[in-house]
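> Supplied structure: final-v1.cif, mmCIF, C-alpha atoms.
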```cif
data_work
#
loop_
_atom_site.label_atom_id
_atom_site.label_comp_id
_atom_site.auth_asym_id
_atom_site.auth_seq_id
_atom_site.Cartn_x
_atom_site.Cartn_y
_atom_site.Cartn_z
CA MET A 1 163.23 84.23 81.04
CA LYS A 2 162.70 87.66 82.59
CA LEU A 3 160.96 88.33 85.89
CA ILE A 4 158.86 91.46 85.28
CA GLY A 5 157.53 93.18 88.40
CA VAL A 6 154.98 95.96 87.97
CA ASP A 7 153.70 98.30 90.65
CA VAL A 8 149.99 99.12 90.40
CA ASP A 9 149.02 102.68 91.33
CA GLY A 10 150.80 105.25 89.21
CA THR A 11 152.54 102.53 87.18
CA LEU A 12 150.33 99.77 85.79
CA LEU A 13 147.22 101.94 86.17
CA ASN A 14 146.85 105.31 84.48
CA SER A 15 145.34 108.38 86.15
CA GLU A 16 141.86 106.96 85.50
CA ASN A 17 142.83 103.77 87.38
CA LYS A 18 142.78 101.70 84.22
CA ILE A 19 145.32 99.58 82.33
CA THR A 20 145.84 101.13 78.92
CA PRO A 21 145.30 98.76 75.95
CA ARG A 22 148.91 99.03 74.76
CA THR A 23 150.35 98.20 78.18
CA ARG A 24 147.84 95.37 78.66
CA GLN A 25 148.74 93.81 75.32
CA ALA A 26 152.49 94.16 75.94
CA LEU A 27 152.27 92.39 79.30
CA ILE A 28 150.08 89.62 77.88
CA ARG A 29 152.57 89.10 75.03
CA ALA A 30 155.46 88.96 77.50
CA GLY A 31 153.60 86.34 79.53
CA GLU A 32 152.83 84.30 76.43
CA MET A 33 156.54 84.38 75.55
CA GLY A 34 157.33 82.69 78.86
CA HIS A 35 158.39 85.62 80.98
CA LYS A 36 157.20 85.63 84.60
CA ILE A 37 154.87 88.60 85.25
CA VAL A 38 154.24 89.77 88.81
CA ILE A 39 151.87 92.45 90.08
CA VAL A 40 153.78 93.97 93.01
CA SER A 41 151.58 96.13 95.19
CA GLY A 42 150.95 97.45 98.66
CA ARG A 43 147.30 96.55 98.03
CA PRO A 44 145.68 93.47 99.57
CA THR A 45 145.63 90.37 97.39
CA GLU A 46 141.88 90.54 96.75
CA ALA A 47 142.24 94.09 95.43
CA VAL A 48 144.45 93.13 92.47
CA LYS A 49 142.75 89.94 91.27
CA ASP A 50 140.62 91.80 88.72
CA LEU A 51 143.81 93.29 87.26
CA ALA A 52 145.39 89.83 87.09
CA LYS A 53 142.34 88.51 85.28
CA GLU A 54 142.49 91.40 82.82
CA LEU A 55 146.14 90.55 82.13
CA LYS A 56 145.25 86.85 81.59
CA PHE A 57 147.39 85.65 84.50
CA ASP A 58 145.41 82.42 84.51
CA LYS A 59 146.79 81.62 81.04
CA PHE A 60 150.51 82.03 81.81
CA ASP A 61 150.96 81.49 85.54
CA GLY A 62 151.18 85.13 86.64
CA LEU A 63 151.94 85.99 90.26
CA LEU A 64 150.68 88.48 92.84
CA SER A 65 152.99 90.07 95.41
CA ASN A 66 150.90 92.03 97.92
CA TYR A 67 151.19 94.04 101.14
CA ASN A 68 154.55 95.40 99.86
CA GLY A 69 155.93 91.87 99.63
CA GLY A 70 154.04 90.32 102.54
CA SER A 71 152.31 87.65 100.50
CA ILE A 72 153.08 85.98 97.16
CA THR A 73 150.26 84.12 95.40
CA ASN A 74 149.96 82.13 92.19
CA TYR A 75 146.86 83.69 90.63
CA ALA A 76 145.70 80.66 88.62
CA SER A 77 145.94 78.10 91.42
CA GLY A 78 145.30 80.46 94.32
CA LYS A 79 148.26 78.88 96.12
CA VAL A 80 150.06 81.18 98.55
CA LEU A 81 153.77 80.62 97.88
CA VAL A 82 155.08 82.95 100.60
CA ASN A 83 153.37 84.72 103.51
CA HIS A 84 154.79 87.10 106.12
CA ASN A 85 152.79 88.53 109.04
CA LEU A 86 153.30 90.96 111.87
CA GLU A 87 153.29 89.00 115.14
CA ARG A 88 150.01 89.78 116.89
CA ASN A 89 151.42 91.13 120.15
CA LEU A 90 153.72 93.48 118.25
CA ALA A 91 150.79 94.62 116.10
CA LEU A 92 148.71 95.28 119.23
CA GLU A 93 151.55 97.31 120.75
CA ILE A 94 151.82 99.41 117.59
CA LEU A 95 148.05 99.94 117.42
CA ASP A 96 147.88 100.90 121.10
CA LYS A 97 150.64 103.50 120.85
CA THR A 98 149.40 105.16 117.66
CA ARG A 99 145.88 106.24 118.58
CA PHE A 100 146.71 109.71 117.24
CA LEU A 101 146.72 108.36 113.63
CA ASN A 102 144.02 106.79 111.47
CA ILE A 103 144.59 103.13 110.70
CA ILE A 104 143.64 100.73 107.92
CA VAL A 105 144.28 97.02 108.52
CA PRO A 106 143.71 94.63 105.59
CA TYR A 107 142.06 91.31 106.48
CA LYS A 108 141.07 88.74 103.85
CA ASP A 109 138.68 90.55 101.46
CA MET A 110 138.07 93.50 103.83
CA ILE A 111 139.81 96.57 105.19
CA LEU A 112 139.32 97.32 108.88
CA SER A 113 139.60 100.39 111.08
CA ASP A 114 138.53 101.40 114.59
CA LYS A 115 136.54 104.34 113.24
CA ASP A 116 135.28 105.81 110.01
CA HIS A 117 137.55 108.34 108.29
CA LYS A 118 137.98 109.81 104.83
CA PHE A 119 140.99 107.64 103.98
CA LEU A 120 139.08 104.46 104.75
CA GLU A 121 136.31 105.54 102.40
CA ALA A 122 138.85 106.42 99.71
CA GLU A 123 140.56 103.03 100.00
CA LYS A 124 137.22 101.23 99.97
CA LYS A 125 136.36 102.94 96.69
CA LEU A 126 139.80 102.44 95.15
CA LEU A 127 140.24 98.79 96.14
CA GLY A 128 136.65 97.67 95.74
CA LEU A 129 136.74 95.96 99.15
CA GLU A 130 134.32 96.06 102.05
CA ALA A 131 135.33 98.51 104.79
CA ARG A 132 134.35 97.41 108.28
CA ILE A 133 134.53 99.34 111.57
CA VAL A 134 135.83 97.24 114.47
CA SER A 135 135.80 99.73 117.34
CA ASP A 136 138.02 97.69 119.67
CA ILE A 137 140.52 96.44 117.07
CA ARG A 138 143.37 98.36 118.73
CA ASP A 139 142.80 96.35 121.93
CA LYS A 140 141.48 93.03 120.66
CA LEU A 141 143.11 92.33 117.29
CA ASP A 142 142.58 88.58 116.82
CA PHE A 143 144.80 87.84 113.79
CA ASP A 144 148.38 88.41 112.62
CA PRO A 145 148.12 91.20 110.00
CA ASN A 146 150.31 91.43 106.91
CA LYS A 147 150.65 95.15 107.52
CA ILE A 148 149.26 98.20 109.28
CA LEU A 149 148.61 101.29 107.19
CA PHE A 150 148.58 104.73 108.81
CA ALA A 151 146.64 107.45 107.00
CA ALA A 152 146.71 111.20 107.58
CA ASP A 153 147.07 114.48 105.78
CA SER A 154 150.67 114.87 104.64
CA ALA A 155 151.84 117.39 107.26
CA ASN A 156 150.27 115.41 110.10
CA LEU A 157 151.81 112.19 108.84
CA GLU A 158 155.28 113.74 108.58
CA GLU A 159 154.99 114.97 112.15
CA HIS A 160 154.50 111.44 113.46
CA ILE A 161 156.79 109.39 111.20
CA PRO A 162 159.81 109.97 113.51
CA PHE A 163 157.81 108.45 116.39
CA LEU A 164 157.02 105.36 114.32
CA LYS A 165 160.65 104.96 113.23
CA GLU A 166 162.07 105.51 116.72
CA ASN A 167 159.70 103.15 118.52
CA PHE A 168 159.21 100.40 115.97
CA GLY A 169 161.90 100.81 113.30
CA HIS A 170 164.12 98.14 114.88
CA LYS A 171 161.25 95.61 114.91
CA THR A 172 159.56 96.30 111.57
CA SER A 173 160.00 97.44 108.00
CA GLN A 174 158.40 100.80 107.25
CA VAL A 175 157.69 102.67 104.03
CA ARG A 176 155.85 105.76 102.89
CA SER A 177 153.71 104.54 100.02
CA HIS A 178 151.85 107.80 99.32
CA ARG A 179 151.94 111.35 100.61
CA ASN A 180 149.05 110.38 102.94
CA TYR A 181 150.03 106.78 103.72
CA TYR A 182 152.73 105.20 105.86
CA GLU A 183 152.95 101.43 106.16
CA ILE A 184 154.46 99.10 108.77
CA MET A 185 155.26 95.52 107.80
CA PRO A 186 157.25 92.59 109.22
CA LYS A 187 161.00 93.18 109.56
CA GLY A 188 162.97 92.60 106.37
CA LEU A 189 159.94 92.89 104.14
CA SER A 190 159.93 94.89 100.91
CA LYS A 191 158.75 94.72 97.34
CA GLY A 192 162.34 94.13 96.29
CA ASN A 193 162.81 91.18 98.63
CA SER A 194 159.59 89.64 97.32
CA LEU A 195 161.01 89.73 93.79
CA LEU A 196 164.19 88.07 95.05
CA GLU A 197 162.06 85.37 96.73
CA ILE A 198 160.19 84.79 93.46
CA ALA A 199 163.43 84.72 91.46
CA LYS A 200 164.80 82.04 93.81
CA ILE A 201 161.64 79.93 93.51
CA TYR A 202 161.74 79.98 89.70
CA GLY A 203 165.52 79.93 89.22
CA ILE A 204 165.69 83.37 87.62
CA ASP A 205 168.93 85.35 87.85
CA GLN A 206 168.73 88.70 89.63
CA ALA A 207 170.14 90.35 86.50
CA ASP A 208 167.00 89.21 84.65
CA ILE A 209 164.61 91.07 86.96
CA ILE A 210 162.86 94.11 85.45
CA ALA A 211 160.92 96.30 87.89
CA PHE A 212 158.59 99.21 87.12
CA GLY A 213 157.63 101.77 89.80
CA ASP A 214 156.87 105.36 90.69
CA GLU A 215 156.68 105.79 94.49
CA MET A 216 159.04 105.37 97.43
CA ASN A 217 157.65 101.96 98.36
CA ASP A 218 158.97 100.85 94.94
CA ALA A 219 162.54 101.86 95.81
CA SER A 220 163.63 98.42 96.99
CA MET A 221 162.58 96.67 93.79
CA ILE A 222 164.04 99.41 91.57
CA GLU A 223 167.32 98.96 93.45
CA ILE A 224 167.52 95.15 93.39
CA ALA A 225 166.34 94.70 89.79
CA GLY A 226 168.80 94.04 87.01
CA THR A 227 166.89 96.83 85.30
CA GLY A 228 164.93 99.27 87.45
CA VAL A 229 162.49 101.31 85.35
CA ALA A 230 160.99 104.55 86.66
CA MET A 231 157.81 106.01 85.22
CA ALA A 232 157.99 109.61 83.96
CA ASN A 233 155.45 110.47 86.69
CA ALA A 234 157.66 108.94 89.42
CA VAL A 235 158.91 110.90 92.41
CA GLU A 236 162.42 112.27 91.91
CA PRO A 237 164.29 109.79 94.16
CA ILE A 238 162.88 106.89 92.14
CA LYS A 239 163.91 108.53 88.88
CA ASN A 240 167.40 109.11 90.26
CA MET A 241 167.95 105.47 91.28
CA ALA A 242 166.42 103.90 88.16
CA ASP A 243 168.41 102.43 85.29
CA TYR A 244 165.87 103.64 82.75
CA LEU A 245 163.23 106.37 82.63
CA THR A 246 160.19 105.36 80.59
CA LEU A 247 157.06 107.28 79.63
CA SER A 248 154.36 108.07 82.19
CA ASN A 249 151.53 105.81 83.29
CA ASP A 250 149.23 107.84 81.01
CA GLU A 251 151.57 107.32 78.03
CA ASP A 252 151.94 103.52 78.06
CA GLY A 253 155.25 103.63 79.92
CA ILE A 254 155.32 99.89 80.64
CA GLY A 255 154.17 98.98 77.14
CA ASP A 256 156.71 101.28 75.50
CA TYR A 257 159.62 99.77 77.44
CA LEU A 258 158.54 96.16 76.84
CA GLU A 259 158.08 96.75 73.11
CA LYS A 260 161.57 98.25 72.84
CA PHE A 261 163.56 95.79 74.95
CA VAL A 262 161.63 92.57 75.67
CA LEU A 263 159.07 91.71 72.98
#
```
Let me see whether you can do it: turn the structure in this file into structure tokens.

Amino acid sequence: MKLIGVDVDGTLLNSENKITPRTRQALIRAGEMGHKIVIVSGRPTEAVKDLAKELKFDKFDGLLSNYNGGSITNYASGKVLVNHNLERNLALEILDKTRFLNIIVPYKDMILSDKDHKFLEAEKKLLGLEARIVSDIRDKLDFDPNKILFAADSANLEEHIPFLKENFGHKTSQVRSHRNYYEIMPKGLSKGNSLLEIAKIYGIDQADIIAFGDEMNDASMIEIAGTGVAMANAVEPIKNMADYLTLSNDEDGIGDYLEKFVL
């Protein structure tokens, strides 16, 4: 049995935000053969359930790893197998000291922010989730979030990343998931570690993990996988660390690899 982890944006989805028929069929066939398929995403759990349904995860016990490894869910049963949260007081400290950056905080089937901004609207459209403004969330957060996402134009984000690393790097895990997004999660969290947690639960050897990705928040799973597969559209560091370079997300990169080496 293989454990097959697939990133979503830029990997599973093409540039039109759709799963191509060839890739869909290849993943369904792999699941039917008994391989464990996992959608591994920075997205909230609710924002990938439609993709899981499209890939027939209810038929072969597919899994969802969300918030960059913060939560692992069995799609068919809805059972949360693993959940990691930022401790509330730490989250409040981070939110208080980062008022110079836009925030997006996932919560259940919503995304929250203290004000409206273009990145919130973009995420709302992409994820298909309700976006809600909670003006005092930075002062009165009343739950333990899986992650905090900071959103800004690339140059502005790069200017403030050193502050985030210096002040909170020892307490949290941090990753740049997009040129405009920087994410803070609980310490020790990563997509790669979530695949290791899943492998342990199901008794799968690390050498039998296959991971597909394209962005820097995929680095951990490309590194830990027995076979790390970079998409042709991946950023250069991901290509350099991968064991195999497949076709792009617009050219059935996942499907092409699975047909050659798994199916």
> Name the residues captured by the PyMOL selection byres ((chain A and resi 207) around 8) when it is applied to the shown file; answer as a list in words.
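Taken on the displayed file, the PyMOL selection byres ((chain A and resi 207) around 8) yields the residues Asp205, Gln206, Asp208, Ile209, Ala225, Gly226 and Thr227 of chain A.
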> Just write the chosen residues, C-alpha atoms, as an mmCIF file, in the frame of the given file.

```cif
data_model
loop_
_atom_site.group_PDB
_atom_site.id
_atom_site.type_symbol
_atom_site.label_atom_id
_atom_site.label_comp_id
_atom_site.auth_asym_id
_atom_site.auth_seq_id
_atom_site.Cartn_x
_atom_site.Cartn_y
_atom_site.Cartn_z
ATOM 1 C CA ASP A 205 168.930 85.350 87.850
ATOM 2 C CA GLN A 206 168.730 88.700 89.630
ATOM 3 C CA ASP A 208 167.000 89.210 84.650
ATOM 4 C CA ILE A 209 164.610 91.070 86.960
ATOM 5 C CA ALA A 225 166.340 94.700 89.790
ATOM 6 C CA GLY A 226 168.800 94.040 87.010
ATOM 7 C CA THR A 227 166.890 96.830 85.300
#
```
> Taking the file as I've supplied it (selection: the PyMOL selection byres ((chain A and resi 170) around 12)), which residues are included? Please answer as a list in words.
Leu90, Leu164, Lys165, Glu166, Asn167, Phe168, Gly169, Lys171, Thr172, Ser173, Gln174, Ile184, Met185, Pro186, Lys187 and Gly188 of chain A
> With all atoms listed in the file as the atoms that count, which of A:Ser71, A:Ser154, A:Asn102, A:Ser194 lies nearest to Gly5 in chain A?
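Among the listed residues, the smallest separation from Gly5 in chain A belongs to A:Ser194.
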> Using all atoms listed in the file for the distances, tell me which of A:Lys53, A:Asp58, A:Thr20, A:Tyr107 is nearest to Glu32 in chain A.
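Under the stated criterion, the closest residue is A:Asp58.
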> Measure the distance from CA of Ile201 in chain A to CA of Asp243 in chain A in Å and round it to one decimal.
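Distance between the two atoms: 24.9 Å.
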> Any idea what the distance is between CA of Gly128 in chain A and CA of Ala47 in chain A?
6.6 Å
> Check what the PyMOL selection byres ((chain A and resi 110) around 9) selects in the file above and give those residues as a list of chain:residue names.
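Matching residues under the PyMOL selection byres ((chain A and resi 110) around 9) are A:Pro44, A:Glu46, A:Val105, A:Pro106, A:Tyr107, A:Lys108, A:Asp109, A:Ile111, A:Leu112, A:Lys124, A:Leu129, A:Glu130, A:Ala131, A:Arg132.
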> Any idea what's packed within 9 Å of Phe212 in chain A, counting all atoms listed in the file, ignoring anything in its chain fewer than 3 positions away? Could you give it as number ranges by chain?
A: 4-7, 11-12, 218, 221-222, 227-231, 254
> Give me the residues within 10 Å of His178 in chain A as a PDB file with C-alpha atoms, keeping the file's coordinate frame, counting all atoms listed in the file and dropping any in the same chain fewer than 5 places off.

```
ATOM      1  CA  ASP A   9     149.020 102.680  91.330  1.00  0.00           C
ATOM      2  CA  ALA A 151     146.640 107.450 107.000  1.00  0.00           C
ATOM      3  CA  SER A 154     150.670 114.870 104.640  1.00  0.00           C
ATOM      4  CA  GLU A 183     152.950 101.430 106.160  1.00  0.00           C
ATOM      5  CA  GLU A 215     156.680 105.790  94.490  1.00  0.00           C
ATOM      6  CA  MET A 216     159.040 105.370  97.430  1.00  0.00           C
ATOM      7  CA  ASN A 217     157.650 101.960  98.360  1.00  0.00           C
TER       8      ASN A 217
END
```
> Using all atoms listed in the file, which of A:Glu121, A:Asp144, A:Asp116, A:Glu223 sits nearest Gly192 in chain A?
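Of A:Glu121, A:Asp144, A:Asp116, A:Glu223, the one nearest Gly192 in chain A, counting all atoms listed in the file, is A:Glu223.
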> With distances taken over all atoms listed in the file, which residue among A:Thr98, A:Asn17, A:Thr45, A:Asn249 lies nearest Leu63 in chain A?
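With all atoms listed in the file as the atom set, the closest residue is A:Thr45.
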> Could you tell me which of A:Leu157, A:Ile37, A:Leu13, A:Met1 comes closest to Gly253 in chain A if we count only C-alpha atoms?
A:Leu13
> Is there a way to get, as number ranges by chain, all residues within 12 Å of the point (158.4, 85.5, 72.8) in file coordinates, counting only C-alpha atoms?
A: 1-2, 26-36, 258-259, 261-263
> Do you know which residues lie at most 7 Å from (153.8, 111.8, 106.2), with coordinates as in the file and all atoms listed in the file counted, and could you write them as a CSV table (one decimal) with C-alpha atoms, in the frame of the given file?

```csv
chain,number,residue,atom,x,y,z
A,154,SER,CA,150.7,114.9,104.6
A,155,ALA,CA,151.8,117.4,107.3
A,156,ASN,CA,150.3,115.4,110.1
A,157,LEU,CA,151.8,112.2,108.8
A,158,GLU,CA,155.3,113.7,108.6
A,159,GLU,CA,155.0,115.0,112.2
A,161,ILE,CA,156.8,109.4,111.2
A,179,ARG,CA,151.9,111.4,100.6
A,180,ASN,CA,149.0,110.4,102.9
A,181,TYR,CA,150.0,106.8,103.7
A,182,TYR,CA,152.7,105.2,105.9
```
> Quick one, how far is CA of Ser220 in chain A from CA of Pro237 in chain A?
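About the pair CA of Ser220 in chain A and CA of Pro237 in chain A: they are 11.7 Å apart.
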> Could you list, as an MDAnalysis selection string, every residue within 9 Å of Ile104 in chain A, counting all atoms listed in the file and ignoring same-chain residues fewer than 4 positions away?
chainID A and resid 111:114 119:120 123 147:151
> Tell me which protein, DNA and RNA residues are within 10 Å of Asn89 in chain A, counting all atoms listed in the file, leaving out same-chain ones fewer than 3 positions away, and put them as a count of residues only.
9
> Please list as a PDB file with C-alpha atoms, keeping the file's coordinate frame every residue within 8 Å of Val40 in chain A, counting all atoms listed in the file and excluding residues in the same chain fewer than 3 positions away.

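File selection24.pdb, as written:
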```pdb
ATOM      1  CA  GLY A   5     157.530  93.180  88.400  1.00  0.00           C
ATOM      2  CA  VAL A   6     154.980  95.960  87.970  1.00  0.00           C
ATOM      3  CA  ASP A   7     153.700  98.300  90.650  1.00  0.00           C
ATOM      4  CA  VAL A   8     149.990  99.120  90.400  1.00  0.00           C
ATOM      5  CA  LEU A  64     150.680  88.480  92.840  1.00  0.00           C
ATOM      6  CA  SER A  65     152.990  90.070  95.410  1.00  0.00           C
ATOM      7  CA  ASN A  66     150.900  92.030  97.920  1.00  0.00           C
ATOM      8  CA  ASN A  68     154.550  95.400  99.860  1.00  0.00           C
ATOM      9  CA  GLY A  69     155.930  91.870  99.630  1.00  0.00           C
ATOM     10  CA  LYS A 191     158.750  94.720  97.340  1.00  0.00           C
TER      11      LYS A 191
END
```
> Could you check which of A:Leu247, A:Leu55, A:Val134, A:Leu3 is closest to Lys18 in chain A, using all atoms listed in the file?
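Ranking A:Leu247, A:Leu55, A:Val134, A:Leu3 by distance to Lys18 in chain A, first place goes to A:Leu55.
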